[in-house]
Amino acid sequence: MIDLPRPVEILVLFLLGPSWPMALMLPLILGILACTLFFKRSFHRRSIVLLSVLALLFGESLLLIVFGLTKIHLLKSSLAGIKQLLPFHFTLNLVLATVGVLAAVGAAVYVEFGRSRLPLAQLFPEVQFAEAPVQLVERVDQLAAEARVSPPGVSLIDSGIPSAFITRSRKGFEIAVSVGLIESLDREEVDACIAHELAHLKNKDFVLRFFATMAKVGLFARPLSYIIEPAVYRAREHLADFTAVKLIGGPAALISALSKIHESQIESLASISIATACLFGSVRKNRITNLFNKQPKLQDRISVLQEL
């Protein structure tokens with residue numbers, strides 16, 4: 001083996017992932033790529049495969065912590081003895097895994113008991129909200145009943161930019177639709193956009209995406225997690241499109257809505273927060289940045305729907 005200088009060794013371990021040697025990391029990466037290609041249009045199966053990999057990595061971190069603490073306890077030696085008996089690589093793994101798991105627990109507690117209980121205006125202070133018209137509320141309730149999900153609250157975004165999103169807030173789940181979306185789309189297209197947001201509830205996406213994000217936090221020293229987590233989000237977005245198509249009876253309205261939104265985005269270079277606009281995707285991306293983006297490009301979503 002080649003003895004690397006300690007700083008270089010630390011850098012290599014951090015970049016490659018501390019607990020997995022390359023002999024195991026390479027087959028794992030190749031397996032992920034193979035499953036992703038095999039499930040090219042089965043976005044549900046693809047997301048489950050990716051979530052399983054995150055669960056495997058996170059579970060390995062937990063086992064490492066248990067094993068490490070047990071080993072330290074059994075040594076019952078002085079600090080100098082522990083340093084001598086525990087290899088540097090193992091110690092680094094243990095420290096990073098412990099920090100990651102504690103960070104994930106802290107983030108989960110903050111999201112569950114802090115952020116998700118804030119009112120909508122505090123969650124997105126850059127967005128102006130207004131009371132939704134009765135017709136919009138009734139339409140959301142009707143589509144929710146057809147999707148067999150509990151109807152969320154409804155708010156109106158005071159913006160001419162066409163957008164819509166659904167999130168958790170103090171009142172539970174709440175869907176927000178912009179004035180621009182209502183004014184620029186016809187009724188069937190608006191219904192398609194609402195159906196897409198309701199599909200996230202029907203598909204339990206909040207639970208799955210929450211786990212993916214917490215796993216990424218816990219695996220902060222595993223660069224692979226920074227690619228897998230956004231891939232899960234993108235797969236669930238495509239799945240929400242498919243679910244919406246089934247709900248409204250065909251892809252035409254959703255394709256038309258996404259096409260109009262895409263054109264509007266190109267013309268105005270919309271500045272609304274991407275985090276709050278589930279119908280948006282950047283028009284200025286390359287293949288590298290796409291790997292880390294949670295929203296698939298609108299043109300990609302349109303192309304996938306057109307195949308239906």
# chains A, B, ... in the order shown; residues from 1 in each chain; ligands from 1
>>> residues_around(residues="segment 197-204 of chain A", least_positions_apart="5", cutoff="9 Å", atoms="only C-alpha atoms", output="list in words")
Val140, Leu143, Ala144, Ala147, Arg148, Val149, Ser150, Pro151, Pro152, Ala164, Phe165, Ile166, Phe173, Ile175, Ala192, Arg209, Arg236, Glu237, Leu239, Ala240, Asp241, Phe242, Thr243, Ala244, Leu247, Cys278 and Leu279 of chain A
>>> write_last_selection(atoms="N, CA and C atoms", output="PDB file, in the first residue's frame")
ATOM      1  N   VAL A 140     -60.077  22.570  -5.452  1.00  0.00           N
ATOM      2  CA  VAL A 140     -59.063  21.780  -4.742  1.00  0.00           C
ATOM      3  C   VAL A 140     -59.727  20.686  -3.922  1.00  0.00           C
ATOM      4  N   LEU A 143     -60.953  17.880  -6.305  1.00  0.00           N
ATOM      5  CA  LEU A 143     -59.851  17.048  -6.802  1.00  0.00           C
ATOM      6  C   LEU A 143     -59.250  16.197  -5.684  1.00  0.00           C
ATOM      7  N   ALA A 144     -59.198  16.738  -4.482  1.00  0.00           N
ATOM      8  CA  ALA A 144     -58.689  15.972  -3.345  1.00  0.00           C
ATOM      9  C   ALA A 144     -59.587  14.775  -3.055  1.00  0.00           C
ATOM     10  N   ALA A 147     -58.881  12.198  -5.588  1.00  0.00           N
ATOM     11  CA  ALA A 147     -57.590  11.560  -5.329  1.00  0.00           C
ATOM     12  C   ALA A 147     -57.594  10.758  -4.029  1.00  0.00           C
ATOM     13  N   ARG A 148     -58.670  10.885  -3.264  1.00  0.00           N
ATOM     14  CA  ARG A 148     -58.814  10.185  -1.991  1.00  0.00           C
ATOM     15  C   ARG A 148     -57.733  10.588  -0.993  1.00  0.00           C
ATOM     16  N   VAL A 149     -57.535  11.912  -0.877  1.00  0.00           N
ATOM     17  CA  VAL A 149     -56.635  12.462   0.130  1.00  0.00           C
ATOM     18  C   VAL A 149     -57.385  13.541   0.889  1.00  0.00           C
ATOM     19  N   SER A 150     -56.952  13.827   2.090  1.00  0.00           N
ATOM     20  CA  SER A 150     -57.585  14.883   2.873  1.00  0.00           C
ATOM     21  C   SER A 150     -57.338  16.223   2.191  1.00  0.00           C
ATOM     22  N   PRO A 151     -58.368  17.045   2.030  1.00  0.00           N
ATOM     23  CA  PRO A 151     -58.176  18.326   1.333  1.00  0.00           C
ATOM     24  C   PRO A 151     -57.241  19.244   2.110  1.00  0.00           C
ATOM     25  N   PRO A 152     -56.225  19.784   1.454  1.00  0.00           N
ATOM     26  CA  PRO A 152     -55.321  20.721   2.126  1.00  0.00           C
ATOM     27  C   PRO A 152     -55.932  22.110   2.196  1.00  0.00           C
ATOM     28  N   ALA A 164     -47.151  27.048  -8.478  1.00  0.00           N
ATOM     29  CA  ALA A 164     -47.989  26.391  -7.473  1.00  0.00           C
ATOM     30  C   ALA A 164     -47.099  25.468  -6.660  1.00  0.00           C
ATOM     31  N   PHE A 165     -47.425  25.290  -5.401  1.00  0.00           N
ATOM     32  CA  PHE A 165     -46.680  24.353  -4.568  1.00  0.00           C
ATOM     33  C   PHE A 165     -47.554  23.907  -3.406  1.00  0.00           C
ATOM     34  N   ILE A 166     -47.148  22.807  -2.786  1.00  0.00           N
ATOM     35  CA  ILE A 166     -47.834  22.309  -1.599  1.00  0.00           C
ATOM     36  C   ILE A 166     -46.785  22.065  -0.525  1.00  0.00           C
ATOM     37  N   PHE A 173     -51.186  20.457   5.801  1.00  0.00           N
ATOM     38  CA  PHE A 173     -50.762  20.645   4.418  1.00  0.00           C
ATOM     39  C   PHE A 173     -51.539  21.800   3.793  1.00  0.00           C
ATOM     40  N   ILE A 175     -51.838  24.088   0.014  1.00  0.00           N
ATOM     41  CA  ILE A 175     -51.476  24.290  -1.383  1.00  0.00           C
ATOM     42  C   ILE A 175     -51.630  25.772  -1.712  1.00  0.00           C
ATOM     43  N   ALA A 192     -54.836  20.447 -13.761  1.00  0.00           N
ATOM     44  CA  ALA A 192     -53.692  19.548 -13.906  1.00  0.00           C
ATOM     45  C   ALA A 192     -52.576  19.926 -12.936  1.00  0.00           C
ATOM     46  N   ARG A 209     -39.348  12.052   0.922  1.00  0.00           N
ATOM     47  CA  ARG A 209     -38.366  13.104   0.711  1.00  0.00           C
ATOM     48  C   ARG A 209     -37.756  13.564   2.027  1.00  0.00           C
ATOM     49  N   ARG A 236     -39.653  11.551  -7.729  1.00  0.00           N
ATOM     50  CA  ARG A 236     -40.994  11.746  -7.151  1.00  0.00           C
ATOM     51  C   ARG A 236     -41.767  12.835  -7.898  1.00  0.00           C
ATOM     52  N   GLU A 237     -41.070  13.810  -8.470  1.00  0.00           N
ATOM     53  CA  GLU A 237     -41.746  14.826  -9.279  1.00  0.00           C
ATOM     54  C   GLU A 237     -42.341  14.191 -10.535  1.00  0.00           C
ATOM     55  N   LEU A 239     -43.129  11.074 -10.875  1.00  0.00           N
ATOM     56  CA  LEU A 239     -44.213  10.192 -10.437  1.00  0.00           C
ATOM     57  C   LEU A 239     -45.476  10.992 -10.141  1.00  0.00           C
ATOM     58  N   ALA A 240     -45.306  12.196  -9.562  1.00  0.00           N
ATOM     59  CA  ALA A 240     -46.464  13.058  -9.314  1.00  0.00           C
ATOM     60  C   ALA A 240     -47.141  13.452 -10.620  1.00  0.00           C
ATOM     61  N   ASP A 241     -46.360  13.664 -11.676  1.00  0.00           N
ATOM     62  CA  ASP A 241     -46.942  13.937 -12.996  1.00  0.00           C
ATOM     63  C   ASP A 241     -47.785  12.757 -13.463  1.00  0.00           C
ATOM     64  N   PHE A 242     -47.248  11.547 -13.333  1.00  0.00           N
ATOM     65  CA  PHE A 242     -47.980  10.356 -13.765  1.00  0.00           C
ATOM     66  C   PHE A 242     -49.272  10.188 -12.976  1.00  0.00           C
ATOM     67  N   THR A 243     -49.193  10.423 -11.664  1.00  0.00           N
ATOM     68  CA  THR A 243     -50.384  10.301 -10.817  1.00  0.00           C
ATOM     69  C   THR A 243     -51.424  11.348 -11.195  1.00  0.00           C
ATOM     70  N   ALA A 244     -50.972  12.559 -11.483  1.00  0.00           N
ATOM     71  CA  ALA A 244     -51.890  13.621 -11.891  1.00  0.00           C
ATOM     72  C   ALA A 244     -52.574  13.273 -13.205  1.00  0.00           C
ATOM     73  N   LEU A 247     -55.312  11.022 -12.565  1.00  0.00           N
ATOM     74  CA  LEU A 247     -56.395  11.700 -11.856  1.00  0.00           C
ATOM     75  C   LEU A 247     -57.269  12.530 -12.790  1.00  0.00           C
ATOM     76  N   CYS A 278     -43.137  24.084  -7.249  1.00  0.00           N
ATOM     77  CA  CYS A 278     -42.939  22.702  -7.672  1.00  0.00           C
ATOM     78  C   CYS A 278     -43.113  22.536  -9.168  1.00  0.00           C
ATOM     79  N   LEU A 279     -43.670  23.531  -9.832  1.00  0.00           N
ATOM     80  CA  LEU A 279     -43.854  23.430 -11.273  1.00  0.00           C
ATOM     81  C   LEU A 279     -42.695  24.043 -12.031  1.00  0.00           C
TER      82      LEU A 279
END
>>> select_by_dssp(residues="segment 95-231 of chain A", states="helix (DSSP H, G or I)", output="PyMOL selection string")
chain A and resi 95-113+115-117+120-123+134-147+179-184+187-202+205-218+225-231
>>> write_last_selection(atoms="C-alpha atoms", output="mmCIF file, in the first residue's frame")
data_model
loop_
_atom_site.group_PDB
_atom_site.id
_atom_site.type_symbol
_atom_site.label_atom_id
_atom_site.label_comp_id
_atom_site.auth_asym_id
_atom_site.auth_seq_id
_atom_site.Cartn_x
_atom_site.Cartn_y
_atom_site.Cartn_z
ATOM 1 C CA VAL A 95 -16.321 10.590 14.513
ATOM 2 C CA LEU A 96 -17.900 11.490 11.149
ATOM 3 C CA ALA A 97 -20.684 8.930 11.546
ATOM 4 C CA THR A 98 -21.490 10.195 15.050
ATOM 5 C CA VAL A 99 -21.528 13.846 13.970
ATOM 6 C CA GLY A 100 -23.733 12.977 10.986
ATOM 7 C CA VAL A 101 -26.282 10.986 12.972
ATOM 8 C CA LEU A 102 -26.521 13.704 15.643
ATOM 9 C CA ALA A 103 -26.951 16.342 12.932
ATOM 10 C CA ALA A 104 -29.699 14.283 11.261
ATOM 11 C CA VAL A 105 -31.555 13.853 14.555
ATOM 12 C CA GLY A 106 -31.276 17.579 15.254
ATOM 13 C CA ALA A 107 -32.465 18.490 11.754
ATOM 14 C CA ALA A 108 -35.400 16.089 11.996
ATOM 15 C CA VAL A 109 -36.491 17.565 15.325
ATOM 16 C CA TYR A 110 -36.194 21.102 13.935
ATOM 17 C CA VAL A 111 -38.250 20.305 10.821
ATOM 18 C CA GLU A 112 -40.884 18.256 12.632
ATOM 19 C CA PHE A 113 -41.401 20.497 15.652
ATOM 20 C CA ARG A 115 -40.286 24.687 10.665
ATOM 21 C CA SER A 116 -43.333 22.588 9.738
ATOM 22 C CA ARG A 117 -45.381 24.302 12.460
ATOM 23 C CA LEU A 120 -47.138 29.899 5.531
ATOM 24 C CA ALA A 121 -46.122 33.573 5.565
ATOM 25 C CA GLN A 122 -43.184 32.825 7.865
ATOM 26 C CA LEU A 123 -42.108 29.777 5.882
ATOM 27 C CA VAL A 134 -64.048 30.253 -3.183
ATOM 28 C CA GLN A 135 -64.002 28.680 -6.637
ATOM 29 C CA LEU A 136 -60.359 27.658 -6.219
ATOM 30 C CA VAL A 137 -60.985 26.185 -2.786
ATOM 31 C CA GLU A 138 -63.943 24.193 -4.064
ATOM 32 C CA ARG A 139 -61.938 22.867 -7.005
ATOM 33 C CA VAL A 140 -59.063 21.780 -4.742
ATOM 34 C CA ASP A 141 -61.528 20.035 -2.421
ATOM 35 C CA GLN A 142 -63.162 18.254 -5.365
ATOM 36 C CA LEU A 143 -59.851 17.048 -6.802
ATOM 37 C CA ALA A 144 -58.689 15.972 -3.345
ATOM 38 C CA ALA A 145 -61.836 13.881 -2.963
ATOM 39 C CA GLU A 146 -61.185 12.261 -6.350
ATOM 40 C CA ALA A 147 -57.590 11.560 -5.329
ATOM 41 C CA VAL A 179 -52.592 34.653 -9.582
ATOM 42 C CA GLY A 180 -50.391 34.292 -12.659
ATOM 43 C CA LEU A 181 -51.141 30.565 -12.899
ATOM 44 C CA ILE A 182 -54.897 31.126 -12.776
ATOM 45 C CA GLU A 183 -54.801 33.969 -15.298
ATOM 46 C CA SER A 184 -52.438 32.365 -17.811
ATOM 47 C CA ARG A 187 -59.420 25.575 -16.150
ATOM 48 C CA GLU A 188 -58.237 22.134 -17.284
ATOM 49 C CA GLU A 189 -54.607 23.232 -17.106
ATOM 50 C CA VAL A 190 -55.050 24.705 -13.636
ATOM 51 C CA ASP A 191 -56.697 21.450 -12.558
ATOM 52 C CA ALA A 192 -53.692 19.548 -13.906
ATOM 53 C CA CYS A 193 -51.322 21.688 -11.849
ATOM 54 C CA ILE A 194 -53.425 21.233 -8.712
ATOM 55 C CA ALA A 195 -53.616 17.492 -9.362
ATOM 56 C CA HIS A 196 -49.819 17.367 -9.545
ATOM 57 C CA GLU A 197 -49.524 18.967 -6.120
ATOM 58 C CA LEU A 198 -52.192 16.699 -4.624
ATOM 59 C CA ALA A 199 -50.322 13.719 -6.092
ATOM 60 C CA HIS A 200 -47.472 14.477 -3.675
ATOM 61 C CA LEU A 201 -49.905 13.800 -0.832
ATOM 62 C CA LYS A 202 -51.297 10.678 -2.439
ATOM 63 C CA ASP A 205 -43.790 12.100 -1.032
ATOM 64 C CA PHE A 206 -43.385 14.259 2.063
ATOM 65 C CA VAL A 207 -42.397 11.216 4.113
ATOM 66 C CA LEU A 208 -40.022 9.797 1.500
ATOM 67 C CA ARG A 209 -38.366 13.104 0.711
ATOM 68 C CA PHE A 210 -38.041 13.881 4.417
ATOM 69 C CA PHE A 211 -36.152 10.626 4.931
ATOM 70 C CA ALA A 212 -33.933 11.297 1.906
ATOM 71 C CA THR A 213 -32.982 14.743 3.189
ATOM 72 C CA MET A 214 -32.337 13.571 6.747
ATOM 73 C CA ALA A 215 -30.214 10.710 5.408
ATOM 74 C CA LYS A 216 -28.178 13.187 3.362
ATOM 75 C CA VAL A 217 -27.610 15.272 6.482
ATOM 76 C CA GLY A 218 -26.529 12.170 8.385
ATOM 77 C CA SER A 225 -25.616 11.099 -0.775
ATOM 78 C CA TYR A 226 -25.497 14.563 -2.379
ATOM 79 C CA ILE A 227 -26.339 12.938 -5.712
ATOM 80 C CA ILE A 228 -28.865 10.363 -4.491
ATOM 81 C CA GLU A 229 -31.060 12.751 -2.476
ATOM 82 C CA PRO A 230 -31.899 15.148 -5.358
ATOM 83 C CA ALA A 231 -32.375 12.137 -7.649
#
>>> atom_distance(atom1="atom CA of Glu126 of chain A", atom2="atom CA of Ser178 of chain A")
13.6 Å
>>> residues_around(residues="Ala132 of chain A", least_positions_apart="5", cutoff="10 Å", atoms="only C-alpha atoms", output="JSON, numbers by chain")
{"A": [137, 153, 154, 155, 156, 157, 176, 177, 178, 179]}
>>> atom_distance(atom1="atom CA of Asn290 of chain A", atom2="atom CA of Ile255 of chain A")
21.3 Å
>>> select_by_dssp(residues="segment 114-287 of chain A", states="strand (DSSP E)", output="list in words")
Phe129, Ala130, Glu131, Gly153, Val154, Ser155, Leu156, Ile157, Ala164, Phe165, Ile166, Thr167, Arg168, Ser169, Gly172, Phe173, Glu174, Ile175, Ala176, Val177 and Ser178 of chain A
>>> atom_distance(atom1="atom CA of Leu224 of chain A", atom2="atom CA of Thr167 of chain A")
26.9 Å
>>> closest_residue(among="A:Ser61, A:Gln265, A:Thr289, A:Ala257", to="Ile302 of chain A", atoms="only C-alpha atoms")
A:Ala257
>>> closest_residue(among="A:Pro162, A:Pro133, A:Pro125, A:Gly31", to="Leu258 of chain A", atoms="only C-alpha atoms")
A:Pro162
>>> closest_residue(among="A:Ile288, A:Val49, A:Val232, A:Leu254", to="Arg301 of chain A", atoms="only C-alpha atoms")
A:Leu254
>>> closest_residue(among="A:Phe220, A:Gln299, A:Ala253, A:Leu308", to="Phe58 of chain A", atoms="only C-alpha atoms")
A:Phe220
>>> decode(residues="segment 188-281 of chain A", atoms="C-alpha atoms", output="PDB file, in the first residue's frame")
ATOM      1  CA  GLU A 188     -58.237  22.134 -17.284  1.00  0.00           C
ATOM      2  CA  GLU A 189     -54.607  23.232 -17.106  1.00  0.00           C
ATOM      3  CA  VAL A 190     -55.050  24.705 -13.636  1.00  0.00           C
ATOM      4  CA  ASP A 191     -56.697  21.450 -12.558  1.00  0.00           C
ATOM      5  CA  ALA A 192     -53.692  19.548 -13.906  1.00  0.00           C
ATOM      6  CA  CYS A 193     -51.322  21.688 -11.849  1.00  0.00           C
ATOM      7  CA  ILE A 194     -53.425  21.233  -8.712  1.00  0.00           C
ATOM      8  CA  ALA A 195     -53.616  17.492  -9.362  1.00  0.00           C
ATOM      9  CA  HIS A 196     -49.819  17.367  -9.545  1.00  0.00           C
ATOM     10  CA  GLU A 197     -49.524  18.967  -6.120  1.00  0.00           C
ATOM     11  CA  LEU A 198     -52.192  16.699  -4.624  1.00  0.00           C
ATOM     12  CA  ALA A 199     -50.322  13.719  -6.092  1.00  0.00           C
ATOM     13  CA  HIS A 200     -47.472  14.477  -3.675  1.00  0.00           C
ATOM     14  CA  LEU A 201     -49.905  13.800  -0.832  1.00  0.00           C
ATOM     15  CA  LYS A 202     -51.297  10.678  -2.439  1.00  0.00           C
ATOM     16  CA  ASN A 203     -47.819   9.267  -3.107  1.00  0.00           C
ATOM     17  CA  LYS A 204     -46.569  10.001   0.439  1.00  0.00           C
ATOM     18  CA  ASP A 205     -43.790  12.100  -1.032  1.00  0.00           C
ATOM     19  CA  PHE A 206     -43.385  14.259   2.063  1.00  0.00           C
ATOM     20  CA  VAL A 207     -42.397  11.216   4.113  1.00  0.00           C
ATOM     21  CA  LEU A 208     -40.022   9.797   1.500  1.00  0.00           C
ATOM     22  CA  ARG A 209     -38.366  13.104   0.711  1.00  0.00           C
ATOM     23  CA  PHE A 210     -38.041  13.881   4.417  1.00  0.00           C
ATOM     24  CA  PHE A 211     -36.152  10.626   4.931  1.00  0.00           C
ATOM     25  CA  ALA A 212     -33.933  11.297   1.906  1.00  0.00           C
ATOM     26  CA  THR A 213     -32.982  14.743   3.189  1.00  0.00           C
ATOM     27  CA  MET A 214     -32.337  13.571   6.747  1.00  0.00           C
ATOM     28  CA  ALA A 215     -30.214  10.710   5.408  1.00  0.00           C
ATOM     29  CA  LYS A 216     -28.178  13.187   3.362  1.00  0.00           C
ATOM     30  CA  VAL A 217     -27.610  15.272   6.482  1.00  0.00           C
ATOM     31  CA  GLY A 218     -26.529  12.170   8.385  1.00  0.00           C
ATOM     32  CA  LEU A 219     -24.259  11.124   5.514  1.00  0.00           C
ATOM     33  CA  PHE A 220     -22.667  14.537   5.065  1.00  0.00           C
ATOM     34  CA  ALA A 221     -19.251  12.880   4.676  1.00  0.00           C
ATOM     35  CA  ARG A 222     -20.494  10.620   1.877  1.00  0.00           C
ATOM     36  CA  PRO A 223     -20.486  12.601  -1.385  1.00  0.00           C
ATOM     37  CA  LEU A 224     -22.712   9.942  -2.950  1.00  0.00           C
ATOM     38  CA  SER A 225     -25.616  11.099  -0.775  1.00  0.00           C
ATOM     39  CA  TYR A 226     -25.497  14.563  -2.379  1.00  0.00           C
ATOM     40  CA  ILE A 227     -26.339  12.938  -5.712  1.00  0.00           C
ATOM     41  CA  ILE A 228     -28.865  10.363  -4.491  1.00  0.00           C
ATOM     42  CA  GLU A 229     -31.060  12.751  -2.476  1.00  0.00           C
ATOM     43  CA  PRO A 230     -31.899  15.148  -5.358  1.00  0.00           C
ATOM     44  CA  ALA A 231     -32.375  12.137  -7.649  1.00  0.00           C
ATOM     45  CA  VAL A 232     -35.091  10.909  -5.269  1.00  0.00           C
ATOM     46  CA  TYR A 233     -36.797  14.303  -5.436  1.00  0.00           C
ATOM     47  CA  ARG A 234     -36.697  14.349  -9.246  1.00  0.00           C
ATOM     48  CA  ALA A 235     -38.114  10.828  -9.467  1.00  0.00           C
ATOM     49  CA  ARG A 236     -40.994  11.746  -7.151  1.00  0.00           C
ATOM     50  CA  GLU A 237     -41.746  14.826  -9.279  1.00  0.00           C
ATOM     51  CA  HIS A 238     -42.085  12.666 -12.390  1.00  0.00           C
ATOM     52  CA  LEU A 239     -44.213  10.192 -10.437  1.00  0.00           C
ATOM     53  CA  ALA A 240     -46.464  13.058  -9.314  1.00  0.00           C
ATOM     54  CA  ASP A 241     -46.942  13.937 -12.996  1.00  0.00           C
ATOM     55  CA  PHE A 242     -47.980  10.356 -13.765  1.00  0.00           C
ATOM     56  CA  THR A 243     -50.384  10.301 -10.817  1.00  0.00           C
ATOM     57  CA  ALA A 244     -51.890  13.621 -11.891  1.00  0.00           C
ATOM     58  CA  VAL A 245     -52.392  12.279 -15.430  1.00  0.00           C
ATOM     59  CA  LYS A 246     -54.374   9.347 -14.040  1.00  0.00           C
ATOM     60  CA  LEU A 247     -56.395  11.700 -11.856  1.00  0.00           C
ATOM     61  CA  ILE A 248     -57.404  14.105 -14.643  1.00  0.00           C
ATOM     62  CA  GLY A 249     -57.793  11.447 -17.334  1.00  0.00           C
ATOM     63  CA  GLY A 250     -54.893  12.134 -19.684  1.00  0.00           C
ATOM     64  CA  PRO A 251     -51.604  14.019 -20.147  1.00  0.00           C
ATOM     65  CA  ALA A 252     -52.753  16.707 -22.577  1.00  0.00           C
ATOM     66  CA  ALA A 253     -53.750  19.346 -19.998  1.00  0.00           C
ATOM     67  CA  LEU A 254     -50.584  18.903 -17.925  1.00  0.00           C
ATOM     68  CA  ILE A 255     -48.349  18.999 -21.008  1.00  0.00           C
ATOM     69  CA  SER A 256     -50.068  22.181 -22.144  1.00  0.00           C
ATOM     70  CA  ALA A 257     -49.760  23.751 -18.684  1.00  0.00           C
ATOM     71  CA  LEU A 258     -46.066  22.906 -18.342  1.00  0.00           C
ATOM     72  CA  SER A 259     -45.381  24.180 -21.868  1.00  0.00           C
ATOM     73  CA  LYS A 260     -47.001  27.539 -21.107  1.00  0.00           C
ATOM     74  CA  ILE A 261     -45.115  27.796 -17.816  1.00  0.00           C
ATOM     75  CA  HIS A 262     -41.884  26.938 -19.599  1.00  0.00           C
ATOM     76  CA  GLU A 263     -42.438  29.651 -22.184  1.00  0.00           C
ATOM     77  CA  SER A 264     -43.314  32.170 -19.473  1.00  0.00           C
ATOM     78  CA  GLN A 265     -40.189  31.288 -17.539  1.00  0.00           C
ATOM     79  CA  ILE A 266     -37.939  31.735 -20.546  1.00  0.00           C
ATOM     80  CA  GLU A 267     -39.499  35.099 -21.379  1.00  0.00           C
ATOM     81  CA  SER A 268     -39.488  36.531 -17.849  1.00  0.00           C
ATOM     82  CA  LEU A 269     -36.597  34.570 -16.271  1.00  0.00           C
ATOM     83  CA  ALA A 270     -38.870  34.173 -13.267  1.00  0.00           C
ATOM     84  CA  SER A 271     -37.291  35.023  -9.930  1.00  0.00           C
ATOM     85  CA  ILE A 272     -39.729  33.257  -7.609  1.00  0.00           C
ATOM     86  CA  SER A 273     -38.008  30.875  -5.216  1.00  0.00           C
ATOM     87  CA  ILE A 274     -37.491  27.477  -6.816  1.00  0.00           C
ATOM     88  CA  ALA A 275     -38.041  25.901  -3.407  1.00  0.00           C
ATOM     89  CA  THR A 276     -41.616  27.146  -3.406  1.00  0.00           C
ATOM     90  CA  ALA A 277     -42.532  26.405  -7.008  1.00  0.00           C
ATOM     91  CA  CYS A 278     -42.939  22.702  -7.672  1.00  0.00           C
ATOM     92  CA  LEU A 279     -43.854  23.430 -11.273  1.00  0.00           C
ATOM     93  CA  PHE A 280     -40.607  25.233 -11.948  1.00  0.00           C
ATOM     94  CA  GLY A 281     -37.212  24.075 -13.076  1.00  0.00           C
TER      95      GLY A 281
END
